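Undergrad: Hey, dropping run.tsv in here, TSV, C-alpha atoms and all ligand atoms:
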```
chain	number	residue	atom	x	y	z
A	1492	MET	CA	54.71	96.76	92.87
A	1493	ARG	CA	53.97	100.07	94.56
A	1494	SER	CA	53.82	100.70	98.26
A	1495	ASP	CA	53.07	103.41	100.63
A	1496	ARG	CA	55.80	104.83	102.90
A	1497	SER	CA	54.31	102.72	105.72
A	1498	GLU	CA	55.91	99.69	104.05
A	1499	LEU	CA	59.29	101.05	105.05
A	1500	PRO	CA	60.55	100.55	108.60
A	1501	PRO	CA	59.82	103.81	110.47
A	1502	GLU	CA	63.54	104.41	111.21
A	1503	VAL	CA	64.36	104.14	107.50
A	1504	ALA	CA	61.42	106.29	106.42
A	1505	GLY	CA	62.36	108.89	109.04
A	1506	ALA	CA	65.98	108.99	107.89
A	1507	ILE	CA	64.89	109.51	104.28
A	1508	GLU	CA	62.30	112.15	105.10
A	1509	ALA	CA	64.85	114.13	107.10
A	1510	ARG	CA	66.74	114.54	103.80
A	1511	SER	CA	64.14	114.53	101.09
A	1512	GLY	CA	60.91	115.67	102.69
A	1513	PRO	CA	57.70	113.68	102.98
A	1514	ILE	CA	57.63	110.37	101.09
A	1515	HIS	CA	54.71	109.88	98.72
A	1516	ARG	CA	55.46	106.43	97.43
A	1517	PHE	CA	58.00	103.62	97.58
A	1518	GLU	CA	58.59	101.25	94.64
A	1519	PRO	CA	60.63	98.15	95.53
A	1520	ALA	CA	63.42	97.41	93.01
A	1521	PRO	CA	62.56	94.98	90.21
A	1522	ALA	CA	65.61	92.87	91.05
A	1523	GLY	CA	67.64	92.57	94.18
A	1524	ASN	CA	68.34	90.18	96.97
A	1525	HIS	CA	71.32	91.62	98.79
A	1526	ALA	CA	70.18	94.78	100.50
A	1527	ASP	CA	67.29	94.22	102.92
A	1528	ILE	CA	65.46	97.08	101.21
A	1529	SER	CA	66.09	98.59	97.80
A	1530	GLY	CA	63.84	100.68	95.65
A	1531	THR	CA	62.70	104.05	94.43
A	1532	VAL	CA	61.40	106.64	96.82
A	1533	HIS	CA	59.17	109.42	95.51
A	1534	ALA	CA	59.32	112.32	97.91
A	1535	ASP	CA	58.76	116.05	98.02
A	1536	GLY	CA	62.42	116.52	97.17
A	1537	GLY	CA	62.19	114.31	94.08
A	1538	ARG	CA	63.16	110.73	93.36
A	1539	LEU	CA	65.87	108.73	95.10
A	1540	PHE	CA	67.09	105.16	94.88
A	1541	ILE	CA	67.40	103.76	98.39
A	1542	LYS	CA	69.35	100.76	99.64
A	1543	ALA	CA	69.11	99.90	103.31
A	1544	ALA	CA	70.16	97.04	105.57
A	1545	ARG	CA	69.78	96.36	109.26
A	1546	LYS	CA	72.77	95.87	111.53
A	1547	ILE	CA	72.97	92.65	113.54
A	1548	ALA	CA	73.55	94.60	116.76
A	1549	PRO	CA	74.30	98.26	117.51
A	1550	ASP	CA	78.04	97.62	117.16
A	1551	ARG	CA	77.90	94.74	114.65
A	1552	ASP	CA	77.42	94.85	110.91
A	1553	GLY	CA	75.93	91.86	109.13
A	1554	PRO	CA	76.93	90.89	105.56
A	1555	GLU	CA	74.27	93.11	103.98
A	1556	VAL	CA	75.45	96.17	105.89
A	1557	ARG	CA	79.07	95.37	105.03
A	1558	SER	CA	78.08	95.19	101.35
A	1559	LEU	CA	76.47	98.61	101.54
A	1560	ARG	CA	79.55	100.07	103.22
A	1561	TRP	CA	81.62	98.92	100.24
A	1562	GLU	CA	79.13	100.48	97.84
A	1563	ALA	CA	79.41	103.74	99.72
A	1564	ALA	CA	83.21	103.59	99.85
A	1565	ILE	CA	83.71	102.96	96.13
A	1566	ASN	CA	81.05	105.38	94.88
A	1567	PRO	CA	83.17	108.58	94.73
A	1568	HIS	CA	85.85	106.67	92.77
A	1569	VAL	CA	83.54	105.47	89.99
A	1570	THR	CA	81.36	108.49	89.32
A	1571	GLU	CA	81.68	108.01	85.56
A	1572	TYR	CA	79.61	104.80	85.89
A	1573	ALA	CA	77.75	104.70	89.20
A	1574	PRO	CA	74.68	106.74	90.09
A	1575	ARG	CA	75.89	109.29	92.62
A	1576	LEU	CA	75.53	108.53	96.31
A	1577	HIS	CA	73.84	111.62	97.75
A	1578	TRP	CA	74.04	110.61	101.38
A	1579	SER	CA	74.46	107.75	103.78
A	1580	VAL	CA	73.09	107.60	107.31
A	1581	GLU	CA	72.71	105.22	110.23
A	1582	ALA	CA	69.38	105.36	112.03
A	1583	GLY	CA	67.75	103.02	114.50
A	1584	GLY	CA	70.08	100.14	113.67
A	1585	TRP	CA	69.79	100.60	109.90
A	1586	LEU	CA	72.34	101.79	107.37
A	1587	VAL	CA	70.55	103.74	104.61
A	1588	LEU	CA	72.13	104.89	101.35
A	1589	GLY	CA	70.41	107.48	99.17
A	1590	PHE	CA	71.47	107.33	95.51
A	1591	GLU	CA	70.62	109.42	92.49
A	1592	HIS	CA	67.68	107.69	90.78
A	1593	VAL	CA	68.33	106.90	87.12
A	1594	GLU	CA	65.62	106.31	84.53
A	1595	ALA	CA	66.99	103.34	82.68
A	1596	ARG	CA	66.37	99.76	81.63
A	1597	HIS	CA	68.42	96.64	82.23
A	1598	ALA	CA	70.97	95.83	79.54
A	1599	ASP	CA	70.16	93.11	77.03
A	1600	TYR	CA	72.98	90.58	76.64
A	1601	THR	CA	71.35	88.38	73.99
A	1602	PRO	CA	73.67	87.51	71.09
A	1603	GLY	CA	73.89	90.40	68.64
A	1604	SER	CA	72.37	92.97	71.02
A	1605	PRO	CA	73.83	96.48	70.61
A	1606	ASP	CA	73.96	96.67	74.42
A	1607	LEU	CA	76.95	94.33	74.26
A	1608	ASP	CA	78.97	97.15	72.65
A	1609	VAL	CA	77.96	99.40	75.53
A	1610	LEU	CA	79.09	96.71	77.96
A	1611	ALA	CA	82.41	96.35	76.11
A	1612	LYS	CA	83.09	100.07	76.54
A	1613	VAL	CA	82.36	99.86	80.27
A	1614	ILE	CA	84.74	96.93	80.62
A	1615	ASP	CA	87.46	98.68	78.59
A	1616	GLY	CA	87.13	101.68	80.91
A	1617	LEU	CA	87.32	99.61	84.05
A	1618	GLN	CA	90.24	97.57	82.78
A	1619	ALA	CA	92.27	100.72	82.32
A	1620	ARG	CA	91.90	101.58	86.00
A	1621	ARG	CA	94.00	100.51	88.94
A	1622	ALA	CA	91.82	99.80	91.94
A	1623	PRO	CA	91.72	102.85	94.23
A	1624	GLU	CA	93.42	102.68	97.60
A	1625	VAL	CA	90.13	102.23	99.39
A	1626	LEU	CA	90.03	98.72	97.86
A	1627	GLU	CA	93.54	97.86	99.04
A	1628	GLY	CA	92.36	94.98	101.24
A	1629	LYS	CA	89.42	93.95	99.08
A	1630	ARG	CA	90.87	91.20	96.95
A	1631	VAL	CA	88.33	89.54	94.69
A	1632	GLU	CA	90.26	86.25	94.58
A	1633	ARG	CA	89.52	85.69	98.26
A	1634	ARG	CA	86.06	84.48	97.28
A	1635	TRP	CA	87.66	81.22	96.18
A	1636	GLU	CA	90.56	80.87	98.61
A	1637	ALA	CA	88.81	78.12	100.58
A	1638	PHE	CA	88.73	76.05	97.39
A	1639	ALA	CA	92.13	76.57	95.84
A	1640	ASP	CA	95.42	78.42	95.73
A	1641	VAL	CA	94.20	81.67	94.25
A	1642	SER	CA	97.51	83.46	93.76
A	1643	ALA	CA	97.09	83.45	89.96
A	1644	LEU	CA	93.89	85.46	90.37
A	1645	ALA	CA	95.46	88.34	92.28
A	1646	GLY	CA	96.06	91.72	90.67
A	1647	ASP	CA	95.54	95.45	90.97
A	1648	THR	CA	92.89	96.06	88.33
A	1649	LEU	CA	89.62	97.61	89.42
A	1650	LEU	CA	86.96	94.92	89.03
A	1651	HIS	CA	83.21	95.41	89.33
A	1652	ALA	CA	82.98	91.62	89.53
A	1653	ASP	CA	79.22	91.33	89.07
A	1654	LEU	CA	78.34	92.75	85.66
A	1655	ASN	CA	75.10	90.85	85.28
A	1656	ALA	CA	72.56	92.50	82.97
A	1657	ALA	CA	70.46	93.85	85.88
A	1658	ASN	CA	73.49	95.78	87.12
A	1659	VAL	CA	74.09	97.55	83.80
A	1660	LEU	CA	71.36	100.13	83.23
A	1661	ILE	CA	70.91	101.94	79.92
A	1662	SER	CA	68.93	105.17	79.55
A	1663	ASP	CA	66.96	106.14	76.43
A	1664	ASP	CA	69.74	108.56	75.43
A	1665	GLY	CA	72.26	105.70	75.58
A	1666	THR	CA	73.87	106.72	78.87
A	1667	VAL	CA	75.09	103.71	80.80
A	1668	HIS	CA	74.95	103.40	84.59
A	1669	VAL	CA	76.60	100.57	86.47
A	1670	VAL	CA	75.02	99.74	89.82
A	1671	ASP	CA	75.52	97.24	92.63
A	1672	TRP	CA	79.21	97.68	93.47
A	1673	THR	CA	78.94	95.20	96.34
A	1674	PHE	CA	81.51	92.77	94.96
A	1675	THR	CA	83.95	95.33	93.65
A	1676	GLY	CA	87.59	94.83	94.47
A	1677	ARG	CA	91.04	94.39	92.99
A	1678	GLY	CA	92.19	91.34	91.08
A	1679	ALA	CA	93.59	89.87	87.87
A	1680	PRO	CA	91.99	91.71	84.94
A	1681	PHE	CA	90.67	88.57	83.18
A	1682	LEU	CA	88.41	87.86	86.18
A	1683	GLU	CA	85.98	90.58	85.05
A	1684	MET	CA	85.34	88.62	81.85
A	1685	ALA	CA	85.37	85.20	83.51
A	1686	LEU	CA	82.68	86.33	85.94
A	1687	LEU	CA	80.62	87.66	83.05
A	1688	ILE	CA	80.52	84.39	81.10
A	1689	PRO	CA	77.64	82.77	83.03
A	1690	TRP	CA	75.58	85.94	82.48
A	1691	LEU	CA	76.26	85.89	78.75
A	1692	MET	CA	75.21	82.24	78.78
A	1693	GLU	CA	72.01	83.12	80.65
A	1694	ALA	CA	71.18	85.47	77.77
A	1695	GLY	CA	71.58	82.69	75.22
A	1696	HIS	CA	75.29	82.52	74.35
A	1697	SER	CA	76.85	79.07	74.22
A	1698	PRO	CA	80.03	78.72	76.32
A	1699	ALA	CA	82.04	78.95	73.09
A	1700	ALA	CA	80.17	82.06	71.93
A	1701	ALA	CA	80.58	83.71	75.33
A	1702	GLU	CA	84.31	83.04	75.23
A	1703	GLU	CA	84.50	84.36	71.71
A	1704	TRP	CA	82.82	87.55	72.85
A	1705	VAL	CA	85.20	88.09	75.77
A	1706	SER	CA	88.23	87.37	73.60
A	1707	ARG	CA	87.94	90.98	72.29
A	1708	PHE	CA	89.62	92.00	75.56
A	1709	SER	CA	93.39	91.82	75.75
A	1710	ALA	CA	93.21	90.76	79.40
A	1711	TRP	CA	91.43	87.62	78.27
A	1712	THR	CA	93.76	86.69	75.44
A	1713	ALA	CA	96.83	87.51	77.56
A	1714	ALA	CA	95.72	85.31	80.48
A	1715	ASP	CA	97.21	81.82	80.78
A	1716	PRO	CA	94.47	79.48	79.40
A	1717	ASP	CA	95.19	76.91	82.10
A	1718	VAL	CA	94.62	79.53	84.79
A	1719	ILE	CA	91.25	80.33	83.19
A	1720	THR	CA	90.36	76.64	83.01
A	1721	ARG	CA	91.28	76.05	86.63
A	1722	PHE	CA	89.29	79.10	87.58
A	1723	SER	CA	86.24	77.85	85.69
A	1724	ARG	CA	86.39	74.64	87.74
A	1725	VAL	CA	86.79	76.38	91.08
A	1726	PHE	CA	84.01	78.76	90.15
A	1727	ALA	CA	81.70	75.84	89.29
A	1728	ASP	CA	82.70	73.97	92.46
A	1729	LYS	CA	81.89	76.97	94.62
A	1730	TRP	CA	78.50	77.48	92.99
A	1731	GLN	CA	77.76	73.78	93.38
A	1732	ALA	CA	78.58	74.02	97.10
A	1733	ASN	CA	76.51	77.19	97.38
A	1734	HIS	CA	73.56	75.58	95.64
A	1735	ALA	CA	73.52	72.83	98.30
A	1736	THR	CA	72.44	75.46	100.85
A	1737	ASN	CA	70.83	78.07	98.58
A	1738	GLN	CA	67.78	76.63	96.85
A	1739	ALA	CA	66.88	79.84	95.01
A	1740	GLY	CA	66.20	79.31	91.31
A	1741	TRP	CA	68.84	81.83	90.24
A	1742	ALA	CA	71.50	79.98	92.28
A	1743	ALA	CA	70.57	76.69	90.60
A	1744	GLY	CA	70.79	78.35	87.19
A	1745	LEU	CA	74.13	79.92	87.94
A	1746	ALA	CA	75.55	76.65	89.28
A	1747	ALA	CA	74.42	74.81	86.15
A	1748	ARG	CA	75.86	77.42	83.79
A	1749	ALA	CA	79.13	77.56	85.69
A	1750	ARG	CA	79.50	73.79	85.36
A	1751	ARG	CA	78.62	73.92	81.66
A	1752	TRP	CA	81.34	76.49	81.13
A	1753	ALA	CA	83.90	74.47	83.13
A	1754	ASP	CA	83.01	71.31	81.17
A	1755	HIS	CA	83.40	73.21	77.94
A	1756	ARG	CA	86.94	74.25	78.90
A	1757	LEU	CA	88.08	70.87	80.19
A	1758	PRO	CA	89.25	69.51	76.82
A	1759	LEU	CA	91.37	72.64	76.45
A	1760	PHE	CA	93.37	71.70	79.55
A	1761	GLY	CA	96.39	69.41	80.05
A	1762	ALA	CA	95.47	65.75	79.51
A	1763	ASP	CA	96.09	64.65	83.13
A	1764	ALA	CA	93.96	67.43	84.48
A	1765	ALA	CA	91.21	66.66	81.98
A	1766	ALA	CA	91.14	63.14	83.42
A	1767	GLY	CA	90.56	64.64	86.85
A	1768	GLN	CA	94.11	64.14	88.13
A	1769	SER	CA	96.07	66.80	89.94
A	1770	GLY	CA	99.24	66.17	87.92
A	1771	SER	CA	98.97	68.51	84.99
A	1772	THR	CA	102.06	69.06	82.90
A	1773	ASP	CA	102.80	72.31	84.64
A	1774	SER	CA	102.69	72.68	88.38
A	1775	PRO	CA	99.06	72.84	89.48
A	1776	LYS	CA	99.29	75.77	91.80
A	1777	TYR	CA	95.65	76.54	91.38
A	1778	TYR	CA	93.42	73.57	91.85
A	1779	SER	CA	89.84	72.90	92.83
A	1780	ARG	CA	90.09	69.51	94.46
B	1	LIG	N1	70.31	104.34	91.13
B	1	LIG	C1	69.34	103.61	90.63
B	1	LIG	N2	68.31	104.17	89.96
B	1	LIG	C2	67.31	103.43	89.45
B	1	LIG	N3	67.23	102.09	89.55
B	1	LIG	C3	68.21	101.46	90.21
B	1	LIG	C4	69.33	102.17	90.78
B	1	LIG	N4	70.14	101.27	91.37
B	1	LIG	C5	69.59	100.07	91.18
B	1	LIG	N5	68.42	100.16	90.49
B	1	LIG	C6	67.48	99.06	90.13
B	1	LIG	O1	67.39	98.16	91.23
B	1	LIG	C7	67.88	96.88	90.87
B	1	LIG	C8	68.62	96.29	92.06
B	1	LIG	O2	69.71	97.12	92.39
B	1	LIG	P1	71.05	96.51	92.99
B	1	LIG	O3	71.54	95.46	92.11
B	1	LIG	O4	71.95	97.64	93.29
B	1	LIG	O5	70.45	95.92	94.33
B	1	LIG	P2	70.84	94.68	95.21
B	1	LIG	O6	69.93	94.69	96.36
B	1	LIG	O7	72.29	94.68	95.46
B	1	LIG	O8	70.41	93.49	94.32
B	1	LIG	P3	71.17	92.18	93.81
B	1	LIG	O9	72.23	91.90	94.77
B	1	LIG	O10	70.15	91.12	93.73
B	1	LIG	O11	71.70	92.52	92.48
B	1	LIG	C9	68.72	97.10	89.62
B	1	LIG	O12	68.76	95.95	88.83
B	1	LIG	C10	67.96	98.25	88.94
B	1	LIG	O13	66.84	97.74	88.27
B	2	MG	MG	72.18	93.78	91.31
```
Now that the file is in, can you turn its structure into structure tokens?
Ligand SMILES: Nc1ncnc2c1ncn2[C@@H]1O[C@H](COP(=O)(O)OP(=O)(O)OP(=O)(O)O)[C@@H](O)[C@H]1O
Ligand SMILES: [Mg+2]
TA:
Amino acid sequence: MRSDRSELPPEVAGAIEARSGPIHRFEPAPAGNHADISGTVHADGGRLFIKAARKIAPDRDGPEVRSLRWEAAINPHVTEYAPRLHWSVEAGGWLVLGFEHVEARHADYTPGSPDLDVLAKVIDGLQARRAPEVLEGKRVERRWEAFADVSALAGDTLLHADLNAANVLISDDGTVHVVDWTFTGRGAPFLEMALLIPWLMEAGHSPAAAEEWVSRFSAWTAADPDVITRFSRVFADKWQANHATNQAGWAAGLAARARRWADHRLPLFGADAAAGQSGSTDSPKYYSR
């Protein structure tokens, strides 16, 4: 879809034009449901990728604006992966981020795809990194704290935490760009792989094949299998709860895949837990119900 600049709110268009000159065209992003506006701007000054969200009130950020603030905060720390953030500005109640535009396609996660090797290299690189200080208070495990004791999910590794195939962009020359750092934070290293499993499944991997793929990472093989199993259940429970209020097709798909993965792992767990009891052989410090 292509639009004229008039499709952009005037405050947003004005903020962009102050930096990049007159806008010729705006192309909404092919995927995206977090930022209120995301897409490519063609302007006198060249191409830019814009993400913008409106504040709830002059002194109050909504969730979309908060997400963009995290993207802006992490950007200088992950320049080897993320398109560069050229500028960020608040105008007329909007927060607008102007990123380098990259010419690239979404990664292909189907079984056997060479893009999976590219993804593996990205994950290896991220796993070697401690989360920067700016992410001190951004603990990924907090997403599930209303459902369980999440202490086993805490850690200091830098996690992207949303490596779905539309967030991993590959250029013709093989360069990889990782976008959408909204969910980034610190946490236990195996979480990066656990959060990837439903996306591998979406691309056609069975739960067993997805787990086999992630077992190339030492963080996965070193993690306590019971912690992973408990996580898979909490993850599925949260998506099930989310799906009750979010009827979007992608949420239904994710909820179903998460449950399929959790069901796949259940036989691998202590017998009591597999029967749905809370008394597993070790102390169940991380439980979904
Ligand atoms: N810098 C960029 N250059 C070119 N295309 C980009 C860039 N950043 C993102 N895109 C494209 O826009 C899509 C959406 O971007 P992104 O995931 O950052 O947005 P979002 O609004 O957070 O969406 P969602 O939360 O649904 O993933 C990407 O899948 C990619 O196709
Ligand atoms: Mg995205």
Undergrad: Taking 5 positions as the minimum chain separation for residues in the same chain, which residues sit within 10 Å of stretch 1557-1570 of chain A when counting only C-alpha atoms? Answer as a ChimeraX atom specification.
TA: /A:1525-1526,1542-1544,1546,1551-1552,1575-1579,1586-1590,1617,1622-1626,1629,1649,1668-1676
Undergrad: Quick one: residues within 7 Å of A:Ala1643, only C-alpha atoms, excluding same-chain residues fewer than 2 positions away - as a ChimeraX atom specification?
TA: /A:1641,1645,1718
Undergrad: Could you work out how far atom CA of A:Val1659 lies from atom CA of A:Pro1680, giving the answer in Å with one decimal?
TA: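 Interatomic distance here is 18.9 Å.
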Undergrad: Hey, what's within 12 Å of A:Glu1518 if we count all atoms listed in the file and toss same-chain stuff fewer than 5 positions away? As number ranges by chain, please?
TA: A: 1492-1499, 1528-1534, 1538-1542, 1592
Undergrad: Measure the distance from atom CA of A:Arg1748 to atom C3 of ligand LIG 1 (chain B) in Å and round it to one decimal.
TA: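 These two atoms are separated by 26.0 Å.
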Undergrad: Give one line per residue of stretch 1610-1682 of chain A that approaches stretch 1730-1746 of chain A to at most 12 Å, naming the two atoms of the closest pair and their distance in Å to one decimal, counting all atoms listed in the file; sort by chain then ascending residue number and deliver it as JSON lines.
TA:
```
{"residue": "A:Arg1634", "atom": "CA", "partner": "A:Trp1730", "partner_atom": "CA", "distance": 11.2}
{"residue": "A:Trp1635", "atom": "CA", "partner": "A:Trp1730", "partner_atom": "CA", "distance": 10.4}
{"residue": "A:Ala1637", "atom": "CA", "partner": "A:Ala1732", "partner_atom": "CA", "distance": 11.6}
{"residue": "A:Phe1638", "atom": "CA", "partner": "A:Ala1732", "partner_atom": "CA", "distance": 10.4}
{"residue": "A:Asn1655", "atom": "CA", "partner": "A:Leu1745", "partner_atom": "CA", "distance": 11.3}
```
Undergrad: Mind giving me the straight-line distance from atom CA of A:Pro1605 to atom CA of A:Ala1652 in Å, one decimal?
TA: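 Distance between the two atoms: 21.6 Å.
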Undergrad: Determine the nearest neighbour of ligand LIG 1 (chain B) from the options A:Met1692, A:Leu1607, A:Ala1520, A:Ile1614, counting all atoms listed in the file.
TA: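 Between A:Met1692, A:Leu1607, A:Ala1520, A:Ile1614, the residue approaching ligand LIG 1 (chain B) most closely is A:Ala1520.
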Undergrad: Considering only C-alpha atoms and all ligand atoms, state which residue in the set A:Leu1660, A:Ala1504, A:Val1631, A:Val1556 is at the smallest distance from ligand MG 2 (chain B).
TA: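 Answer, going by the shortest atom-to-atom distance: A:Leu1660.
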Undergrad: Of the candidates A:Pro1519, A:Asp1527, A:Ala1573, A:Tyr1600, which shows the shortest atom-to-atom distance to A:Ala1694, using all atoms listed in the file?
TA: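 Among the listed residues, A:Tyr1600 lies closest to A:Ala1694.
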Undergrad: Using all atoms listed in the file, find the one residue out of A:Glu1632, A:Asp1599, A:Glu1508, A:Asp1640 that sits nearest to A:Leu1654.
TA: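 Going through A:Glu1632, A:Asp1599, A:Glu1508, A:Asp1640 one by one, the smallest distance to A:Leu1654 is for A:Asp1599.
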Undergrad: Out of A:His1597, A:Trp1690, A:Gly1646, A:Leu1757, which residue has the shortest atom-to-atom distance to A:Arg1633 when counting only C-alpha atoms?
TA: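 Of A:His1597, A:Trp1690, A:Gly1646, A:Leu1757, the one nearest A:Arg1633 is A:Gly1646, counting only C-alpha atoms.
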